$ cat work.csv   # CSV, N, CA and C atoms and all ligand atoms
chain,number,residue,atom,x,y,z
A,1,MET,N,-162.4,63.5,-125.0
A,1,MET,CA,-161.3,62.8,-125.6
A,1,MET,C,-161.7,62.2,-126.9
A,2,THR,N,-160.8,62.2,-127.8
A,2,THR,CA,-161.1,61.7,-129.2
A,2,THR,C,-159.9,61.5,-130.0
A,3,TYR,N,-160.0,60.8,-131.0
A,3,TYR,CA,-159.0,60.8,-132.1
A,3,TYR,C,-159.4,61.9,-133.1
A,4,VAL,N,-158.4,62.3,-133.9
A,4,VAL,CA,-158.6,63.5,-134.7
A,4,VAL,C,-158.0,63.2,-136.1
A,5,ILE,N,-158.6,63.6,-137.2
A,5,ILE,CA,-158.0,63.5,-138.5
A,5,ILE,C,-157.5,64.9,-138.9
A,6,ALA,N,-156.2,64.9,-139.2
A,6,ALA,CA,-155.5,66.1,-139.4
A,6,ALA,C,-155.2,66.4,-140.9
A,7,GLN,N,-154.5,67.5,-141.1
A,7,GLN,CA,-154.4,68.0,-142.5
A,7,GLN,C,-153.9,67.1,-143.6
A,8,PRO,N,-153.1,66.0,-143.3
A,8,PRO,CA,-152.6,65.2,-144.4
A,8,PRO,C,-153.8,64.5,-145.1
A,9,CYS,N,-154.9,64.3,-144.5
A,9,CYS,CA,-156.1,63.7,-145.1
A,9,CYS,C,-156.7,64.5,-146.2
A,10,THR,N,-156.5,65.8,-146.2
A,10,THR,CA,-157.2,66.7,-147.1
A,10,THR,C,-156.8,66.4,-148.5
A,11,ASP,N,-157.8,66.2,-149.4
A,11,ASP,CA,-157.6,65.9,-150.8
A,11,ASP,C,-157.0,64.5,-151.0
A,12,VAL,N,-156.8,63.7,-150.0
A,12,VAL,CA,-156.4,62.4,-150.1
A,12,VAL,C,-157.6,61.4,-150.0
A,13,MET,N,-158.2,61.5,-148.8
A,13,MET,CA,-159.4,60.7,-148.5
A,13,MET,C,-159.3,59.2,-148.9
A,14,ASP,N,-158.3,58.6,-148.5
A,14,ASP,CA,-158.1,57.2,-148.8
A,14,ASP,C,-159.2,56.3,-148.3
A,15,LYS,N,-159.7,56.7,-147.2
A,15,LYS,CA,-160.9,56.0,-146.5
A,15,LYS,C,-160.5,54.6,-145.9
A,16,SER,N,-159.3,54.3,-145.7
A,16,SER,CA,-158.9,53.0,-145.0
A,16,SER,C,-159.5,53.1,-143.6
A,17,CYS,N,-159.5,54.2,-143.0
A,17,CYS,CA,-159.9,54.4,-141.6
A,17,CYS,C,-161.4,54.1,-141.4
A,18,LEU,N,-162.2,54.4,-142.4
A,18,LEU,CA,-163.6,54.2,-142.3
A,18,LEU,C,-164.0,52.7,-142.0
A,19,GLU,N,-163.2,51.8,-142.7
A,19,GLU,CA,-163.5,50.4,-142.5
A,19,GLU,C,-163.2,49.9,-141.2
A,20,GLU,N,-162.3,50.6,-140.5
A,20,GLU,CA,-161.8,50.1,-139.2
A,20,GLU,C,-162.7,50.5,-138.0
A,21,CYS,N,-163.4,51.6,-138.2
A,21,CYS,CA,-164.1,52.2,-137.0
A,21,CYS,C,-165.3,51.3,-136.5
A,22,PRO,N,-165.3,50.8,-135.3
A,22,PRO,CA,-166.3,50.0,-134.8
A,22,PRO,C,-167.6,50.7,-134.5
A,23,VAL,N,-167.6,52.0,-134.4
A,23,VAL,CA,-168.8,52.8,-134.1
A,23,VAL,C,-169.2,53.7,-135.2
A,24,ASP,N,-168.6,53.6,-136.4
A,24,ASP,CA,-168.9,54.3,-137.6
A,24,ASP,C,-169.0,55.9,-137.3
A,25,CYS,N,-168.0,56.4,-136.6
A,25,CYS,CA,-168.0,57.8,-136.3
A,25,CYS,C,-167.1,58.6,-137.1
A,26,ILE,N,-166.6,58.1,-138.3
A,26,ILE,CA,-165.8,58.8,-139.2
A,26,ILE,C,-166.6,59.2,-140.4
A,27,TYR,N,-166.8,60.5,-140.6
A,27,TYR,CA,-167.7,61.1,-141.6
A,27,TYR,C,-167.0,61.7,-142.7
A,28,GLU,N,-167.5,61.5,-143.9
A,28,GLU,CA,-166.9,62.0,-145.1
A,28,GLU,C,-167.4,63.4,-145.5
A,29,GLY,N,-166.4,64.3,-145.6
A,29,GLY,CA,-166.8,65.7,-146.1
A,29,GLY,C,-166.4,65.8,-147.6
A,30,GLY,N,-166.3,67.0,-148.0
A,30,GLY,CA,-165.9,67.3,-149.4
A,30,GLY,C,-164.5,67.0,-149.7
A,31,ARG,N,-163.6,67.4,-148.8
A,31,ARG,CA,-162.1,67.4,-149.1
A,31,ARG,C,-161.4,66.6,-148.0
A,32,ALA,N,-162.1,66.1,-147.0
A,32,ALA,CA,-161.4,65.4,-145.9
A,32,ALA,C,-162.4,64.6,-145.1
A,33,LEU,N,-162.0,63.7,-144.2
A,33,LEU,CA,-162.8,63.0,-143.3
A,33,LEU,C,-162.7,63.6,-142.0
A,34,TYR,N,-163.7,63.4,-141.1
A,34,TYR,CA,-163.8,64.0,-139.8
A,34,TYR,C,-164.3,63.0,-138.8
A,35,ILE,N,-163.6,63.0,-137.6
A,35,ILE,CA,-164.1,62.1,-136.5
A,35,ILE,C,-165.0,62.9,-135.6
A,36,ASN,N,-166.1,62.3,-135.3
A,36,ASN,CA,-167.1,63.0,-134.4
A,36,ASN,C,-166.5,62.8,-133.0
A,37,PRO,N,-166.2,63.8,-132.3
A,37,PRO,CA,-165.5,63.7,-131.0
A,37,PRO,C,-166.4,63.2,-129.9
A,38,VAL,N,-167.7,63.3,-130.1
A,38,VAL,CA,-168.7,62.8,-129.1
A,38,VAL,C,-168.9,61.3,-129.3
A,39,GLU,N,-168.8,60.8,-130.5
A,39,GLU,CA,-169.1,59.4,-130.8
A,39,GLU,C,-167.9,58.5,-130.8
A,40,CYS,N,-166.7,59.1,-130.9
A,40,CYS,CA,-165.5,58.3,-130.9
A,40,CYS,C,-165.3,57.6,-129.6
A,41,VAL,N,-165.0,56.3,-129.6
A,41,VAL,CA,-164.8,55.6,-128.3
A,41,VAL,C,-163.3,55.4,-128.1
A,42,GLU,N,-162.4,56.1,-128.8
A,42,GLU,CA,-161.0,56.0,-128.6
A,42,GLU,C,-160.4,54.6,-128.7
A,43,CYS,N,-160.9,53.8,-129.6
A,43,CYS,CA,-160.3,52.5,-129.7
A,43,CYS,C,-158.9,52.4,-130.4
A,44,GLY,N,-158.7,53.5,-131.2
A,44,GLY,CA,-157.4,53.6,-131.8
A,44,GLY,C,-157.2,52.8,-133.1
A,45,ALA,N,-158.3,52.1,-133.5
A,45,ALA,CA,-158.2,51.2,-134.7
A,45,ALA,C,-157.9,52.0,-136.0
A,46,CYS,N,-158.3,53.2,-136.1
A,46,CYS,CA,-158.2,54.0,-137.3
A,46,CYS,C,-156.7,54.5,-137.5
A,47,GLU,N,-156.0,54.7,-136.4
A,47,GLU,CA,-154.7,55.4,-136.5
A,47,GLU,C,-153.7,54.7,-137.4
A,48,PRO,N,-153.4,53.4,-137.1
A,48,PRO,CA,-152.3,52.7,-137.9
A,48,PRO,C,-152.6,52.5,-139.4
A,49,VAL,N,-153.9,52.5,-139.8
A,49,VAL,CA,-154.2,52.1,-141.2
A,49,VAL,C,-154.1,53.3,-142.1
A,50,CYS,N,-154.0,54.5,-141.6
A,50,CYS,CA,-154.0,55.7,-142.5
A,50,CYS,C,-152.6,55.8,-143.2
A,51,PRO,N,-152.6,55.7,-144.5
A,51,PRO,CA,-151.4,55.7,-145.3
A,51,PRO,C,-150.6,57.0,-145.3
A,52,VAL,N,-151.3,58.1,-144.8
A,52,VAL,CA,-150.6,59.4,-144.8
A,52,VAL,C,-150.4,59.9,-143.4
A,53,GLU,N,-150.6,59.0,-142.4
A,53,GLU,CA,-150.4,59.4,-141.0
A,53,GLU,C,-151.2,60.7,-140.6
A,54,ALA,N,-152.5,60.7,-141.0
A,54,ALA,CA,-153.3,61.8,-140.7
A,54,ALA,C,-154.1,61.7,-139.4
A,55,VAL,N,-154.1,60.5,-138.8
A,55,VAL,CA,-154.9,60.2,-137.6
A,55,VAL,C,-154.1,60.2,-136.3
A,56,TYR,N,-154.5,61.0,-135.3
A,56,TYR,CA,-153.8,61.1,-134.1
A,56,TYR,C,-154.7,61.1,-132.9
A,57,HIS,N,-154.3,60.6,-131.8
A,57,HIS,CA,-155.0,60.8,-130.5
A,57,HIS,C,-154.9,62.3,-130.2
A,58,LYS,N,-156.0,62.9,-129.7
A,58,LYS,CA,-156.0,64.3,-129.4
A,58,LYS,C,-154.8,64.8,-128.6
A,59,ASP,N,-154.3,64.0,-127.7
A,59,ASP,CA,-153.2,64.4,-126.9
A,59,ASP,C,-151.8,64.2,-127.6
A,60,ASP,N,-151.8,63.6,-128.7
A,60,ASP,CA,-150.6,63.3,-129.5
A,60,ASP,C,-150.5,64.2,-130.7
A,61,LEU,N,-151.4,65.1,-130.9
A,61,LEU,CA,-151.4,65.9,-132.1
A,61,LEU,C,-150.1,66.8,-132.2
A,62,PRO,N,-149.3,66.7,-133.3
A,62,PRO,CA,-148.2,67.6,-133.4
A,62,PRO,C,-148.7,69.1,-133.5
A,63,PRO,N,-147.8,70.0,-133.1
A,63,PRO,CA,-148.3,71.4,-133.0
A,63,PRO,C,-148.9,71.9,-134.3
A,64,GLU,N,-148.3,71.5,-135.5
A,64,GLU,CA,-148.9,72.0,-136.7
A,64,GLU,C,-150.2,71.5,-137.1
A,65,TYR,N,-150.7,70.4,-136.3
A,65,TYR,CA,-152.0,69.8,-136.6
A,65,TYR,C,-153.0,70.2,-135.5
A,66,GLN,N,-152.6,71.0,-134.6
A,66,GLN,CA,-153.5,71.4,-133.5
A,66,GLN,C,-154.9,72.0,-134.0
A,67,PRO,N,-154.8,72.8,-135.1
A,67,PRO,CA,-156.1,73.3,-135.6
A,67,PRO,C,-157.1,72.2,-136.0
A,68,ALA,N,-156.6,71.0,-136.3
A,68,ALA,CA,-157.5,70.0,-136.7
A,68,ALA,C,-158.5,69.5,-135.6
A,69,LEU,N,-158.1,69.7,-134.3
A,69,LEU,CA,-158.9,69.3,-133.2
A,69,LEU,C,-160.2,70.1,-133.3
A,70,GLU,N,-160.1,71.4,-133.4
A,70,GLU,CA,-161.3,72.2,-133.5
A,70,GLU,C,-162.0,72.0,-134.8
A,71,SER,N,-161.3,71.8,-135.9
A,71,SER,CA,-161.9,71.6,-137.2
A,71,SER,C,-162.8,70.4,-137.2
A,72,ASN,N,-162.3,69.3,-136.6
A,72,ASN,CA,-163.1,68.0,-136.6
A,72,ASN,C,-164.4,68.3,-135.8
A,73,ALA,N,-164.3,69.0,-134.7
A,73,ALA,CA,-165.4,69.2,-133.8
A,73,ALA,C,-166.4,70.2,-134.5
A,74,ALA,N,-165.8,71.2,-135.2
A,74,ALA,CA,-166.7,72.2,-135.8
A,74,ALA,C,-167.5,71.6,-137.0
A,75,PHE,N,-167.0,70.6,-137.6
A,75,PHE,CA,-167.7,69.9,-138.7
A,75,PHE,C,-169.1,69.5,-138.2
A,76,PHE,N,-169.2,69.1,-137.0
A,76,PHE,CA,-170.4,68.6,-136.4
A,76,PHE,C,-171.2,69.6,-135.6
A,77,ARG,N,-170.5,70.6,-135.1
A,77,ARG,CA,-171.1,71.6,-134.2
A,77,ARG,C,-171.7,72.8,-134.9
A,78,LEU,N,-171.1,73.1,-136.0
A,78,LEU,CA,-171.6,74.3,-136.7
A,78,LEU,C,-172.3,74.0,-138.0
A,79,PRO,N,-173.3,74.7,-138.4
A,79,PRO,CA,-173.9,74.5,-139.7
A,79,PRO,C,-172.9,74.5,-140.9
A,80,LEU,N,-172.9,73.5,-141.7
A,80,LEU,CA,-172.0,73.5,-142.9
A,80,LEU,C,-172.6,74.3,-144.0
A,81,ALA,N,-171.8,74.7,-145.0
A,81,ALA,CA,-172.2,75.5,-146.1
A,81,ALA,C,-173.5,74.9,-146.7
A,82,GLY,N,-174.5,75.8,-146.9
A,82,GLY,CA,-175.7,75.3,-147.5
A,82,GLY,C,-176.7,74.7,-146.6
A,83,LYS,N,-176.3,74.5,-145.3
A,83,LYS,CA,-177.2,73.8,-144.3
A,83,LYS,C,-177.7,74.8,-143.3
A,84,ALA,N,-178.9,74.7,-142.8
A,84,ALA,CA,-179.4,75.5,-141.8
A,84,ALA,C,-179.1,75.0,-140.4
A,85,GLU,N,-178.9,73.7,-140.3
A,85,GLU,CA,-178.7,73.1,-139.0
A,85,GLU,C,-177.3,72.4,-139.0
A,86,PRO,N,-176.7,72.3,-137.8
A,86,PRO,CA,-175.5,71.5,-137.7
A,86,PRO,C,-175.7,70.0,-137.9
A,87,LEU,N,-174.7,69.3,-138.3
A,87,LEU,CA,-174.8,67.8,-138.4
A,87,LEU,C,-175.1,67.2,-137.0
A,88,GLY,N,-174.5,67.7,-136.0
A,88,GLY,CA,-174.7,67.2,-134.7
A,88,GLY,C,-174.0,65.8,-134.5
A,89,ASN,N,-174.7,65.0,-133.7
A,89,ASN,CA,-174.1,63.6,-133.5
A,89,ASN,C,-175.1,62.6,-134.0
A,90,PRO,N,-175.0,62.3,-135.3
A,90,PRO,CA,-176.0,61.4,-136.0
A,90,PRO,C,-176.0,59.9,-135.5
A,91,GLY,N,-174.9,59.5,-134.9
A,91,GLY,CA,-174.9,58.1,-134.4
A,91,GLY,C,-174.4,57.1,-135.4
A,92,GLY,N,-173.8,57.6,-136.5
A,92,GLY,CA,-173.3,56.7,-137.5
A,92,GLY,C,-173.2,57.4,-138.9
A,93,ALA,N,-172.0,57.2,-139.5
A,93,ALA,CA,-171.8,57.9,-140.8
A,93,ALA,C,-172.6,57.2,-141.9
A,94,ALA,N,-172.9,55.9,-141.8
A,94,ALA,CA,-173.6,55.2,-142.9
A,94,ALA,C,-174.9,55.9,-143.2
A,95,GLY,N,-175.6,56.3,-142.2
A,95,GLY,CA,-176.9,56.9,-142.4
A,95,GLY,C,-176.9,58.3,-143.0
A,96,VAL,N,-175.7,58.9,-142.9
A,96,VAL,CA,-175.5,60.3,-143.4
A,96,VAL,C,-175.0,60.3,-144.8
A,97,GLY,N,-174.0,59.5,-145.1
A,97,GLY,CA,-173.4,59.4,-146.4
A,97,GLY,C,-172.4,60.6,-146.6
A,98,PRO,N,-171.8,60.7,-147.7
A,98,PRO,CA,-170.8,61.8,-148.0
A,98,PRO,C,-171.5,63.1,-147.9
A,99,VAL,N,-170.8,64.1,-147.3
A,99,VAL,CA,-171.4,65.4,-147.1
A,99,VAL,C,-170.5,66.3,-148.0
A,100,ALA,N,-171.1,67.0,-148.9
A,100,ALA,CA,-170.4,67.9,-149.9
A,100,ALA,C,-170.0,69.2,-149.3
A,101,ALA,N,-169.4,69.2,-148.1
A,101,ALA,CA,-169.0,70.4,-147.4
A,101,ALA,C,-167.9,70.1,-146.4
A,102,ASP,N,-167.2,71.1,-146.0
A,102,ASP,CA,-166.0,71.0,-145.1
A,102,ASP,C,-166.1,72.0,-144.0
A,103,SER,N,-165.3,71.8,-142.9
A,103,SER,CA,-165.1,72.8,-141.9
A,103,SER,C,-164.5,74.0,-142.6
A,104,ALA,N,-164.7,75.2,-142.0
A,104,ALA,CA,-164.1,76.4,-142.5
A,104,ALA,C,-162.6,76.2,-142.6
A,105,PHE,N,-162.0,75.5,-141.6
A,105,PHE,CA,-160.5,75.4,-141.7
A,105,PHE,C,-160.1,74.6,-142.9
A,106,VAL,N,-160.7,73.4,-143.1
A,106,VAL,CA,-160.3,72.6,-144.3
A,106,VAL,C,-160.6,73.3,-145.6
A,107,ALA,N,-161.8,73.9,-145.6
A,107,ALA,CA,-162.2,74.6,-146.9
A,107,ALA,C,-161.2,75.7,-147.3
A,108,ALA,N,-160.5,76.2,-146.3
A,108,ALA,CA,-159.5,77.3,-146.6
A,108,ALA,C,-158.1,76.8,-146.9
A,109,LEU,N,-157.9,75.5,-146.7
A,109,LEU,CA,-156.5,74.9,-147.0
A,109,LEU,C,-156.3,75.0,-148.5
A,110,PRO,N,-155.0,75.2,-148.9
A,110,PRO,CA,-154.7,75.2,-150.3
A,110,PRO,C,-154.9,73.7,-150.9
A,111,PRO,N,-155.3,73.6,-152.2
A,111,PRO,CA,-155.4,72.3,-152.7
A,111,PRO,C,-154.1,71.5,-152.6
A,112,LYS,N,-154.2,70.2,-152.3
A,112,LYS,CA,-153.0,69.4,-152.1
A,112,LYS,C,-152.1,69.4,-153.3
A,113,ALA,N,-152.7,69.4,-154.5
A,113,ALA,CA,-151.8,69.4,-155.7
A,113,ALA,C,-151.0,70.7,-155.8
A,114,ALA,N,-151.4,71.8,-155.3
A,114,ALA,CA,-150.7,73.0,-155.3
A,114,ALA,C,-149.5,73.0,-154.4
A,115,GLU,N,-149.5,72.1,-153.4
A,115,GLU,CA,-148.4,72.0,-152.4
A,115,GLU,C,-147.2,71.3,-153.0
A,116,GLN,N,-147.4,70.5,-154.0
A,116,GLN,CA,-146.4,69.6,-154.5
A,116,GLN,C,-145.6,70.2,-155.6
B,201,LIG,S1,-157.2,56.7,-143.9
B,201,LIG,FE1,-156.1,58.7,-143.5
B,201,LIG,S2,-156.2,59.7,-145.5
B,201,LIG,FE2,-157.6,58.0,-145.6
B,201,LIG,S3,-159.6,59.0,-145.1
B,201,LIG,FE3,-158.7,58.1,-143.2
B,201,LIG,S4,-157.6,59.9,-142.3
B,201,LIG,FE4,-158.0,60.4,-144.4
B,202,LIG,S1,-160.5,55.8,-132.4
B,202,LIG,FE1,-161.9,54.1,-132.9
B,202,LIG,S2,-163.9,54.9,-132.4
B,202,LIG,FE2,-162.5,56.7,-132.7
B,202,LIG,S3,-162.6,57.2,-134.8
B,202,LIG,FE3,-160.9,55.8,-134.6
B,202,LIG,S4,-161.7,53.8,-135.1
B,202,LIG,FE4,-163.5,55.2,-134.7
$ encode --input "work.csv" --output "structure tokens" --more "lines below"
Ligand code: SF4
Ligand code: SF4
Amino acid sequence: MTYVIAQPCTDVMDKSCLEECPVDCIYEGGRALYINPVECVECGACEPVCPVEAVYHKDDLPPEYQPALESNAAFFRLPLAGKAEPLGNPGGAAGVGPVAADSAFVAALPPKAAEQ
């Protein structure tokens, strides 16, 4: 079980959620942020602070955001572009810092500016 960051975060990356997470399990990618599903303790603190309503509990994801569940998990489980090893479960985003890569799903999304 976990909370999930969905498509509205892409190219917004307001980062309000980062400051709320008590276990530092929200990681910064190139175009979006990602919640580590293994490290998330489901406290829910990140959900209400997101200005674009990108954060959902896994069980409350609207149908159009369902791909974000696998996208968040894949960010940690699969090697990102330019990396030989997956990120895995580092135990805190502060020690990792911003990662200049995204899940394949987010990388393929159209730029936010193009949608408007
Ligand atoms: S607060 Fe929302 S838009 Fe900002 S980084 Fe977190 S999920 Fe993304
Ligand atoms: S639900 Fe809590 S532990 Fe999980 S990502 Fe949000 S703030 Fe962090």
$ atom_distance --input "work.csv" --atom1 "atom CA of A:Pro90" --atom2 "atom CA of A:Tyr27"
10.0 Å
$ atom_distance --input "work.csv" --atom1 "atom FE4 of ligand LIG 202 (chain B)" --atom2 "atom CA of A:Glu20"
7.0 Å
$ residues_near_ligand --input "work.csv" --ligand "ligand LIG 201 (chain B)" --cutoff "6 Å" --atoms "only C-alpha atoms and all ligand atoms" --output "JSON, numbers by chain"
{"A": [5, 9, 12, 13, 14, 15, 16, 17, 33, 50, 51, 52, 54, 55]}
$ closest_atom_pairs --input "work.csv" --of "chain A" --to "ligand LIG 202 (chain B)" --cutoff "6 Å" --atoms "all atoms listed in the file" --output "Markdown table"
| residue | atom | partner | partner_atom | distance |
| --- | --- | --- | --- | --- |
| A:Tyr3 | N | B:LIG202 | FE2 | 5.1 |
| A:Glu20 | C | B:LIG202 | S4 | 4.5 |
| A:Cys21 | CA | B:LIG202 | S4 | 3.5 |
| A:Pro22 | N | B:LIG202 | S4 | 4.7 |
| A:Val23 | N | B:LIG202 | S2 | 5.1 |
| A:Asp24 | N | B:LIG202 | FE4 | 5.6 |
| A:Cys25 | N | B:LIG202 | FE4 | 5.0 |
| A:Ile26 | N | B:LIG202 | S3 | 5.4 |
| A:Ile35 | CA | B:LIG202 | S3 | 5.4 |
| A:Glu39 | C | B:LIG202 | S2 | 5.6 |
| A:Cys40 | CA | B:LIG202 | FE2 | 3.8 |
| A:Val41 | N | B:LIG202 | S2 | 3.3 |
| A:Glu42 | CA | B:LIG202 | S1 | 3.8 |
| A:Cys43 | N | B:LIG202 | FE1 | 3.5 |
| A:Gly44 | N | B:LIG202 | S1 | 3.2 |
| A:Ala45 | N | B:LIG202 | S4 | 4.1 |
| A:Cys46 | N | B:LIG202 | S4 | 3.6 |
| A:Glu47 | N | B:LIG202 | FE3 | 5.3 |
$ write_last_selection --input "work.csv" --atoms "N, CA and C atoms" --output "PDB file, in the frame of the given file"
ATOM      1  N   TYR A   3    -160.000  60.800-131.000  1.00  0.00           N
ATOM      2  CA  TYR A   3    -159.000  60.800-132.100  1.00  0.00           C
ATOM      3  C   TYR A   3    -159.400  61.900-133.100  1.00  0.00           C
ATOM      4  N   GLU A  20    -162.300  50.600-140.500  1.00  0.00           N
ATOM      5  CA  GLU A  20    -161.800  50.100-139.200  1.00  0.00           C
ATOM      6  C   GLU A  20    -162.700  50.500-138.000  1.00  0.00           C
ATOM      7  N   CYS A  21    -163.400  51.600-138.200  1.00  0.00           N
ATOM      8  CA  CYS A  21    -164.100  52.200-137.000  1.00  0.00           C
ATOM      9  C   CYS A  21    -165.300  51.300-136.500  1.00  0.00           C
ATOM     10  N   PRO A  22    -165.300  50.800-135.300  1.00  0.00           N
ATOM     11  CA  PRO A  22    -166.300  50.000-134.800  1.00  0.00           C
ATOM     12  C   PRO A  22    -167.600  50.700-134.500  1.00  0.00           C
ATOM     13  N   VAL A  23    -167.600  52.000-134.400  1.00  0.00           N
ATOM     14  CA  VAL A  23    -168.800  52.800-134.100  1.00  0.00           C
ATOM     15  C   VAL A  23    -169.200  53.700-135.200  1.00  0.00           C
ATOM     16  N   ASP A  24    -168.600  53.600-136.400  1.00  0.00           N
ATOM     17  CA  ASP A  24    -168.900  54.300-137.600  1.00  0.00           C
ATOM     18  C   ASP A  24    -169.000  55.900-137.300  1.00  0.00           C
ATOM     19  N   CYS A  25    -168.000  56.400-136.600  1.00  0.00           N
ATOM     20  CA  CYS A  25    -168.000  57.800-136.300  1.00  0.00           C
ATOM     21  C   CYS A  25    -167.100  58.600-137.100  1.00  0.00           C
ATOM     22  N   ILE A  26    -166.600  58.100-138.300  1.00  0.00           N
ATOM     23  CA  ILE A  26    -165.800  58.800-139.200  1.00  0.00           C
ATOM     24  C   ILE A  26    -166.600  59.200-140.400  1.00  0.00           C
ATOM     25  N   ILE A  35    -163.600  63.000-137.600  1.00  0.00           N
ATOM     26  CA  ILE A  35    -164.100  62.100-136.500  1.00  0.00           C
ATOM     27  C   ILE A  35    -165.000  62.900-135.600  1.00  0.00           C
ATOM     28  N   GLU A  39    -168.800  60.800-130.500  1.00  0.00           N
ATOM     29  CA  GLU A  39    -169.100  59.400-130.800  1.00  0.00           C
ATOM     30  C   GLU A  39    -167.900  58.500-130.800  1.00  0.00           C
ATOM     31  N   CYS A  40    -166.700  59.100-130.900  1.00  0.00           N
ATOM     32  CA  CYS A  40    -165.500  58.300-130.900  1.00  0.00           C
ATOM     33  C   CYS A  40    -165.300  57.600-129.600  1.00  0.00           C
ATOM     34  N   VAL A  41    -165.000  56.300-129.600  1.00  0.00           N
ATOM     35  CA  VAL A  41    -164.800  55.600-128.300  1.00  0.00           C
ATOM     36  C   VAL A  41    -163.300  55.400-128.100  1.00  0.00           C
ATOM     37  N   GLU A  42    -162.400  56.100-128.800  1.00  0.00           N
ATOM     38  CA  GLU A  42    -161.000  56.000-128.600  1.00  0.00           C
ATOM     39  C   GLU A  42    -160.400  54.600-128.700  1.00  0.00           C
ATOM     40  N   CYS A  43    -160.900  53.800-129.600  1.00  0.00           N
ATOM     41  CA  CYS A  43    -160.300  52.500-129.700  1.00  0.00           C
ATOM     42  C   CYS A  43    -158.900  52.400-130.400  1.00  0.00           C
ATOM     43  N   GLY A  44    -158.700  53.500-131.200  1.00  0.00           N
ATOM     44  CA  GLY A  44    -157.400  53.600-131.800  1.00  0.00           C
ATOM     45  C   GLY A  44    -157.200  52.800-133.100  1.00  0.00           C
ATOM     46  N   ALA A  45    -158.300  52.100-133.500  1.00  0.00           N
ATOM     47  CA  ALA A  45    -158.200  51.200-134.700  1.00  0.00           C
ATOM     48  C   ALA A  45    -157.900  52.000-136.000  1.00  0.00           C
ATOM     49  N   CYS A  46    -158.300  53.200-136.100  1.00  0.00           N
ATOM     50  CA  CYS A  46    -158.200  54.000-137.300  1.00  0.00           C
ATOM     51  C   CYS A  46    -156.700  54.500-137.500  1.00  0.00           C
ATOM     52  N   GLU A  47    -156.000  54.700-136.400  1.00  0.00           N
ATOM     53  CA  GLU A  47    -154.700  55.400-136.500  1.00  0.00           C
ATOM     54  C   GLU A  47    -153.700  54.700-137.400  1.00  0.00           C
TER      55      GLU A  47
END
$ atom_distance --input "work.csv" --atom1 "atom N of A:Pro48" --atom2 "atom CA of A:Pro67"
20.1 Å
$ select_by_dssp --input "work.csv" --residues "chain A" --states "strand (DSSP E)" --output "VMD selection string"
chain A and resid 3 to 5 26 to 28 33 to 35 55 to 57
$ select_by_dssp --input "work.csv" --residues "chain A" --states "alpha helix (DSSP H)" --output "PyMOL selection string"
chain A and resi 16-20+67-77+104-107+112-115
$ write_last_selection --input "work.csv" --atoms "N, CA and C atoms" --output "compact mmCIF listing (two decimals), keeping the file's coordinate frame"
# COMPACT_ATOMS: atom_id res chain seq x y z
N SER A 16 -159.30 54.30 -145.70
CA SER A 16 -158.90 53.00 -145.00
C SER A 16 -159.50 53.10 -143.60
N CYS A 17 -159.50 54.20 -143.00
CA CYS A 17 -159.90 54.40 -141.60
C CYS A 17 -161.40 54.10 -141.40
N LEU A 18 -162.20 54.40 -142.40
CA LEU A 18 -163.60 54.20 -142.30
C LEU A 18 -164.00 52.70 -142.00
N GLU A 19 -163.20 51.80 -142.70
CA GLU A 19 -163.50 50.40 -142.50
C GLU A 19 -163.20 49.90 -141.20
N GLU A 20 -162.30 50.60 -140.50
CA GLU A 20 -161.80 50.10 -139.20
C GLU A 20 -162.70 50.50 -138.00
N PRO A 67 -154.80 72.80 -135.10
CA PRO A 67 -156.10 73.30 -135.60
C PRO A 67 -157.10 72.20 -136.00
N ALA A 68 -156.60 71.00 -136.30
CA ALA A 68 -157.50 70.00 -136.70
C ALA A 68 -158.50 69.50 -135.60
N LEU A 69 -158.10 69.70 -134.30
CA LEU A 69 -158.90 69.30 -133.20
C LEU A 69 -160.20 70.10 -133.30
N GLU A 70 -160.10 71.40 -133.40
CA GLU A 70 -161.30 72.20 -133.50
C GLU A 70 -162.00 72.00 -134.80
N SER A 71 -161.30 71.80 -135.90
CA SER A 71 -161.90 71.60 -137.20
C SER A 71 -162.80 70.40 -137.20
N ASN A 72 -162.30 69.30 -136.60
CA ASN A 72 -163.10 68.00 -136.60
C ASN A 72 -164.40 68.30 -135.80
N ALA A 73 -164.30 69.00 -134.70
CA ALA A 73 -165.40 69.20 -133.80
C ALA A 73 -166.40 70.20 -134.50
N ALA A 74 -165.80 71.20 -135.20
CA ALA A 74 -166.70 72.20 -135.80
C ALA A 74 -167.50 71.60 -137.00
N PHE A 75 -167.00 70.60 -137.60
CA PHE A 75 -167.70 69.90 -138.70
C PHE A 75 -169.10 69.50 -138.20
N PHE A 76 -169.20 69.10 -137.00
CA PHE A 76 -170.40 68.60 -136.40
C PHE A 76 -171.20 69.60 -135.60
N ARG A 77 -170.50 70.60 -135.10
CA ARG A 77 -171.10 71.60 -134.20
C ARG A 77 -171.70 72.80 -134.90
N ALA A 104 -164.70 75.20 -142.00
CA ALA A 104 -164.10 76.40 -142.50
C ALA A 104 -162.60 76.20 -142.60
N PHE A 105 -162.00 75.50 -141.60
CA PHE A 105 -160.50 75.40 -141.70
C PHE A 105 -160.10 74.60 -142.90
N VAL A 106 -160.70 73.40 -143.10
CA VAL A 106 -160.30 72.60 -144.30
C VAL A 106 -160.60 73.30 -145.60
N ALA A 107 -161.80 73.90 -145.60
CA ALA A 107 -162.20 74.60 -146.90
C ALA A 107 -161.20 75.70 -147.30
N LYS A 112 -154.20 70.20 -152.30
CA LYS A 112 -153.00 69.40 -152.10
C LYS A 112 -152.10 69.40 -153.30
N ALA A 113 -152.70 69.40 -154.50
CA ALA A 113 -151.80 69.40 -155.70
C ALA A 113 -151.00 70.70 -155.80
N ALA A 114 -151.40 71.80 -155.30
CA ALA A 114 -150.70 73.00 -155.30
C ALA A 114 -149.50 73.00 -154.40
N GLU A 115 -149.50 72.10 -153.40
CA GLU A 115 -148.40 72.00 -152.40
C GLU A 115 -147.20 71.30 -153.00
$ residues_around --input "work.csv" --residues "A:Gly29" --least-positions-apart "3" --cutoff "5 Å" --atoms "all atoms listed in the file" --output "list in words"
Ala32, Leu33, Val99 and Ala101 of chain A
$ residues_near_point --input "work.csv" --point "(-160.9, 67.0, -149.4)" --cutoff "6 Å" --atoms "only C-alpha atoms" --output "list in words"
Thr10, Asp11, Gly30, Arg31 and Ala32 of chain A
